[in-house]
Amino acid sequence: MFEKIYNNLIIKKPKFTLLILIVLLLSFGYFAKNFQLDASSDTLLLENDPDLKYLREVNTKYGSKDFLVLTYTPKNDLLDPDTIKNLTNLKNDLINLSWANNVITILDVPLLKNNDDPLTERIKNFKTLSSKDADKKRGFDEIINSPIYKEFVISKDGKTTGILVYIKIDKKLSELIKTKNSYLDKIDKQLLSSKEKKEYKKFLEIYDSYKKSYNKKNHQNIIEIRKIIKKHKDTAKIHLGGIPMIADDMMTYVKNDIVVFGAGVFLFIVCTLWFVFRSLTWVFIPLLSCFFSVCIMVGLLGLLGWKVTVISSNFIALMLILTMAMNIHMSVRYLQLKKENPNISNSEAILWTSKKMFWPILYTVLTTICAFLSLIFSGIKPIIDFGWMMTVGLLVSLSITFTLLPAILNILSKESTTYKVEKKSIITSFLSKVAQKNTKTIFSSALLVIIVSIIGITKLEVENSFINYFDKETEIYKGMKLIDDELGGTTPLDVIVKFPGNEKKQEEEDDFDNWDDEDADNEKYWFTRNKIDIITQVHDYLDNLPSVGKVISFASMVRVAEDLNNGKKLQGLEMGVLYTKIPDSIKKEIIDPYISIENNEARISLRVLDSKEDLRRNELIKKINYDLENQLGLKREEFKLAGVLILFNNLLQSLFKSQILTLGVVMAGITTMFLILFRNVTLSLIGVVPNFMAAFLILGIIGLLEIPLDMMTITIAAITIGIAVDNSIHYIYRFREEFRKTNNYNASLEKCHDTVGVAILNTSITIVFGFSILVLSNFIPTIYFGVFTGIAMLLAMISVLTLLPKLILIVKPFGNA
């Protein structure tokens with residue numbers, strides 16, 4: 001029935017089919033205008049992560065502002081009058097930016113040891129390096145030795161200073177984020193009513209629209225600040241850093257990757273098609289299939305509101321590669337039939353080819369979909385979206401291959417068309433001989449592969465070194481590296497210390513009722529020596545960890561105060577009185593971000609040296625949690641870790657568990673598909689073995705090379721299995737067909753290597769070189785993904801053309817010849 005409908009609609013009415021496809025292309029092409037990119041840090045977080053919710057609470061309590069960091073290394077000494085003048089000019093240019101809320105430089109640091117006035121006077125009327133009557137040498141020495149400012153606004157050697165450019169808070173975006181978080185909390189607790197679900201859907205449209213305009217504004221901000229940096233580049237070596245800049249550059253990389261990958265794969269496909277077919281017609285037809293598939297998919301993404309992120313930026317390249325593979329298999333089979341049966345009509349040849357290739361191509365698509373669908377278990381939205389994106393994309397490619405290709409063939413090809421006799425492939429002929437004669441070589445190689453895989457896999461580890469995600473020549477890397485080396489580290493981590501409630505209660509029972517200001521009373525009253533000692537103890541422990549850079553906490557302020565007090569320890573009440581006398585401008589910048597009197601807790605902020613080679617973030621987090629409880633004696637409920645480091649670590653640990661553990665599910669799913677397709681347990685098992693070996697060998701190689709698994713490389717094994725088994729399906733399907741004709745295993749093997757083997761070789765080379773285009777990315781995980789998936793596909797192809805036929809010859813799954 002299906003065959004009859006297909007013949008009547010597709011084969012016999014090619015122009016009508018083409019018209020329908022063109023209408024679909026134009027319809028989906030219209031929605032391509034809604035195609036969106038998103039490279040914000042939100043795309044790399046687990047939305048239901050409790051640590052994300054806690055970090056938002058911490059940011060609300062202690063205040064969190066977006067800022068950009070400039071590292072400033074002048075040609076002359078920092079105290080040189082010209083340097084101070086140049087730095088002042090740079091600051092003035094930065095503060096004049098419409099979006100800049102505040103600019104902090106070394107010239108703005110309060111100097112409390114610059115004269116010998118009474119302490120309260122020095123605090124009230126503090127000087128800075130920009131003050132005319134300041135002792136600049138004395139002030140510089142104070143800053144470079146300050147527990148607060150050393151390795152924060154100035155490097156240890158005093159040659160590099162940091163400039164913080166705080167960005168004005170976008171109140172509308174803040175409200176939208178707050179509303180979104182409220183919806184997400186309700187979704188997490190399953191409290192969202194049907195009415196609220198509709199409201200949330202409408203809200204997301206508003207949120208996405210505003211976020212898009214905000215990203216454009218941020219992009220413009222980065223352009224503006226880079227113009228200022230360029231203006232001042234002759235006075236100093238300046239690098240830009242900060243999350244807003246990283247997010248904007250990532251967006252640029254994603255856009256660039258999509259264009260470069262698409263164009264690179266397109267050009268390579270043209271070259272491959274010409275090499276394989278040596279005919280403009282056979283270059284044009286598969287390219288047209290690729291064009292229709294990608295354009296329809298891009299429009300579909302725009303229609304559904306799916307955003308392309310760093311993780312899915314290579315989806316166009318993948319779609320082109322996989323669509324091309326389907327078209328090459330179809331085209332090669334069609335041409336082989338026409339060569340063997342020159343008198344057959346064109347319509348009959350197309351229908352016969354479609355019938356013969358439908359099931360093997362369908363199963364190759366389903367096995368690849370199985371691999372991509374394994375990504376939905378990650379719990380990470382952009383990775384889940386990538387899985388669904390490729391699933392839908394493959395179904396689109398399948399549909400286009402079996403509609404557009406037959407229609408175009410029927411319109412363009414003529415009955416009298418002749419096909420040149422192809423020479424045998426030297427490579428497949430060689431591999432055919434290897435498969436038949438070199439039993440020991442094949443099995444000893446297979447054993448070696450297994451051993452290498454086992455050893456390498458035991459060495460695999462998951463890491464999230466953000467700085468190493470970028471090429472060393474990029475601005476992101478240079479800026480982060482300099483901040484790491486000179487200004488105390490890049491990746492933030494907070495330790496929140498929660499004080500027992502009874503301590504505060506006991507203090508409140510003391511007789512301080514005669515204070516005029518009750519809030520001031522409570523503020524003074526909160527400070528106790530016990531709290532200060534606990535904060536100092538945790539601070540010093542963290543400061544001594546080799547992986548940790550700059551640590552700032554209330555202990556840093558206490559040390560400054562005690563230094564000003566001739567080294568004498570301050571008691572709680574003295575600290576409280578001093579706190580009320582500190583000017584609000586200083587209090588807001590260097591004290592309030594580190595204590596919360598209202599919540600009876602303190603925040604110790606540290607930055608991790610992300611570029612440190614032996615840094616193991618998951619181990620560091622576990623060590624801090626263990627030591628705070630077992631060495632410092634804090635109860636588990638008295639402290640909690642928060643920060644970007646925790647979130648990215650959670651992401652990778654989640655991905656590691658979901659992807660590595662679900663590899664078994666992918667393998668079981670694909671084996672089941674083989675059983676359904678071939679209805680032979682032995683054949684199914686030997687069919688999947690070569691591909692599983694190739695995937696595990698790549699994991700082994702990654703482990704042996706000590707390359708940490710990340711959000712891209714961790715998916716290689718599952719995706720490799722899904723794509724590589726396509727070769728096995730085509731080979732076994734053809735072998736079974738040839739064996740029915742010849743009833744001879746060796747003859748069938750040789751015939752398969754000369755026919756489907758050539759198609760496997762061509763598609764594999766296309767896939768390998770297609771993936772190699774990803775090396776042009778600025779994002780290192782994408783490069784690793786391209787290189788290792790390409791190598792895996794090459795290994796899988798060799799394995800399918802050697803180990804698989806050798807297993808077939810030995811096991812004889814089709815019965816005795």
# chains A, B, ... in the order shown; residues from 1 in each chain; ligands from 1
>>> closest_atom_pairs(of="stretch 370-467 of chain A", to="stretch 720-723 of chain A", cutoff="9 Å", atoms="only C-alpha atoms", output="JSON lines")
{"residue": "A:Cys370", "atom": "CA", "partner": "A:Gly722", "partner_atom": "CA", "distance": 6.6}
{"residue": "A:Ala371", "atom": "CA", "partner": "A:Gly722", "partner_atom": "CA", "distance": 4.8}
{"residue": "A:Phe372", "atom": "CA", "partner": "A:Gly722", "partner_atom": "CA", "distance": 7.6}
>>> residues_around(residues="A:Leu70", least_positions_apart="4", cutoff="9 Å", atoms="only C-alpha atoms", output="list of chain:residue names")
A:Thr161, A:Gly162, A:Ile163, A:Leu164, A:Val165, A:Ile229, A:Ile238, A:His239, A:Leu240, A:Gly241, A:Gly242, A:Gly479
>>> residues_around(residues="A:Thr439", least_positions_apart="2", cutoff="10 Å", atoms="only C-alpha atoms", output="ChimeraX atom specification")
/A:434-437,441-445,802-803,806-807,810
>>> write_last_selection(atoms="N, CA and C atoms", output="compact mmCIF listing (two decimals), in the first residue's frame")
# COMPACT_ATOMS: atom_id res chain seq x y z
N VAL A 434 42.54 -7.98 3.43
CA VAL A 434 42.89 -8.04 4.86
C VAL A 434 41.85 -8.84 5.63
N ALA A 435 40.57 -8.57 5.35
CA ALA A 435 39.48 -9.25 6.05
C ALA A 435 39.48 -10.76 5.78
N GLN A 436 39.88 -11.16 4.59
CA GLN A 436 39.85 -12.58 4.24
C GLN A 436 41.09 -13.35 4.71
N LYS A 437 42.23 -12.67 4.73
CA LYS A 437 43.49 -13.41 4.95
C LYS A 437 44.18 -13.13 6.28
N THR A 441 46.25 -10.74 12.50
CA THR A 441 46.45 -9.28 12.57
C THR A 441 45.19 -8.58 13.06
N ILE A 442 44.04 -8.99 12.52
CA ILE A 442 42.77 -8.35 12.88
C ILE A 442 42.45 -8.57 14.36
N PHE A 443 42.56 -9.83 14.82
CA PHE A 443 42.17 -10.13 16.20
C PHE A 443 43.19 -9.63 17.22
N SER A 444 44.47 -9.63 16.85
CA SER A 444 45.47 -9.07 17.77
C SER A 444 45.28 -7.55 17.87
N SER A 445 44.91 -6.90 16.75
CA SER A 445 44.63 -5.45 16.77
C SER A 445 43.40 -5.17 17.62
N THR A 802 36.90 -4.50 8.08
CA THR A 802 37.88 -5.57 8.38
C THR A 802 37.34 -6.54 9.44
N LEU A 803 37.13 -6.02 10.65
CA LEU A 803 36.69 -6.90 11.75
C LEU A 803 35.29 -7.47 11.52
N LYS A 806 35.32 -10.20 8.88
CA LYS A 806 36.06 -11.36 9.43
C LYS A 806 35.17 -12.13 10.40
N LEU A 807 34.42 -11.42 11.24
CA LEU A 807 33.49 -12.09 12.18
C LEU A 807 32.40 -12.82 11.41
N ILE A 810 33.82 -16.05 10.05
CA ILE A 810 34.07 -17.06 11.10
C ILE A 810 32.77 -17.59 11.68
>>> residues_around(residues="stretch 98-104 of chain A", least_positions_apart="3", cutoff="10 Å", atoms="only C-alpha atoms", output="list in words")
Lys65, Phe67, Leu68, Val69, Lys91, Asn92, Leu94, Ile95, Leu107, Asp108, Val109, Val153, Gly162, Ile163, Leu164, Val165, Tyr166, Ile167, Lys168, Ile169, Asp170, Lys217, Asn218 and Asn221 of chain A
>>> residues_around(residues="stretch 85-88 of chain A", least_positions_apart="3", cutoff="10 Å", atoms="only C-alpha atoms", output="list of chain:residue names")
A:Tyr72, A:Pro74, A:Leu78, A:Leu79, A:Asp80, A:Pro81, A:Asp82, A:Lys91, A:Asn92, A:Asp93, A:Leu94, A:Thr105, A:Ile106, A:Leu107, A:Ser130, A:Ile163, A:His232, A:Thr235, A:Ala236
>>> write_last_selection(atoms="C-alpha atoms", output="compact mmCIF listing (two decimals), in the first residue's frame")
# COMPACT_ATOMS: atom_id res chain seq x y z
CA TYR A 72 46.32 47.70 33.23
CA PRO A 74 51.71 50.61 32.25
CA LEU A 78 52.48 52.89 38.61
CA LEU A 79 53.49 55.95 40.71
CA ASP A 80 54.98 57.74 37.76
CA PRO A 81 53.11 61.05 37.25
CA ASP A 82 52.47 60.17 33.59
CA LYS A 91 39.02 56.29 34.23
CA ASN A 92 37.33 59.51 33.06
CA ASP A 93 36.65 57.98 29.64
CA LEU A 94 35.19 54.88 31.30
CA THR A 105 40.84 51.98 40.17
CA ILE A 106 43.90 51.95 42.38
CA LEU A 107 43.47 55.74 42.53
CA SER A 130 44.55 60.87 43.50
CA ILE A 163 40.12 48.46 36.93
CA HIS A 232 44.74 54.12 25.46
CA THR A 235 50.03 54.09 27.41
CA ALA A 236 49.76 50.54 28.78
>>> atom_distance(atom1="atom CA of A:Ile148", atom2="atom CA of A:Ile552")
6.4 Å
>>> atom_distance(atom1="atom CA of A:Phe277", atom2="atom CA of A:Ala759")
11.2 Å
>>> residues_around(residues="A:Pro805", least_positions_apart="2", cutoff="12 Å", atoms="only C-alpha atoms", output="count of residues only")
45
>>> closest_residue(among="A:Asn7, A:Pro118, A:Val560, A:Leu628", to="A:Asn145", atoms="only C-alpha atoms")
A:Val560
>>> residues_around(residues="stretch 181-198 of chain A", least_positions_apart="5", cutoff="12 Å", atoms="only C-alpha atoms", output="short mmCIF file (atom, residue, chain, number, x, y, z; two decimals) with C-alpha atoms, in the first residue's frame")
data_model
loop_
_atom_site.label_atom_id
_atom_site.label_comp_id
_atom_site.auth_asym_id
_atom_site.auth_seq_id
_atom_site.Cartn_x
_atom_site.Cartn_y
_atom_site.Cartn_z
CA LEU A 46 21.10 23.15 35.59
CA GLU A 47 17.83 25.05 35.97
CA ASN A 48 16.63 22.77 38.79
CA ASP A 49 19.98 22.87 40.60
CA PRO A 50 19.38 23.76 44.31
CA LEU A 52 21.72 27.78 41.65
CA LYS A 53 18.75 28.77 43.78
CA TYR A 54 21.04 29.21 46.80
CA ARG A 56 20.66 33.63 43.80
CA GLU A 57 19.74 33.99 47.48
CA SER A 174 16.16 42.12 37.18
CA GLU A 175 12.38 42.05 37.61
CA LEU A 176 11.98 39.65 34.67
CA PHE A 203 6.00 35.61 29.92
CA LEU A 204 8.82 33.63 28.23
CA GLU A 205 8.12 35.43 24.96
CA TYR A 207 11.56 37.59 28.63
#
>>> select_by_dssp(residues="stretch 48-171 of chain A", states="alpha helix (DSSP H)", output="JSON, numbers by chain")
{"A": [50, 51, 52, 53, 54, 55, 56, 57, 58, 59, 60, 61, 62, 81, 82, 83, 84, 85, 86, 87, 88, 89, 90, 91, 92, 93, 94, 95, 119, 120, 121, 122, 123, 124, 136, 137, 138, 139, 140, 141, 142, 143, 144, 171]}
>>> atom_distance(atom1="atom CA of A:Ile698", atom2="atom CA of A:Val787")
10.3 Å
>>> closest_residue(among="A:Asn343, A:Ser279, A:Leu794, A:Ala561", to="A:Ser146", atoms="only C-alpha atoms")
A:Ala561
>>> closest_residue(among="A:Lys231, A:Arg122, A:Lys156, A:Arg278", to="A:Asn89", atoms="only C-alpha atoms")
A:Lys231
>>> closest_residue(among="A:Ser399, A:Thr671, A:Thr789, A:Asn618", to="A:Ile767", atoms="only C-alpha atoms")
A:Thr789
>>> select_by_dssp(residues="stretch 433-599 of chain A", states="strand (DSSP E or B)", output="number ranges by chain")
A: 462, 470, 491-498, 548-552, 595-596
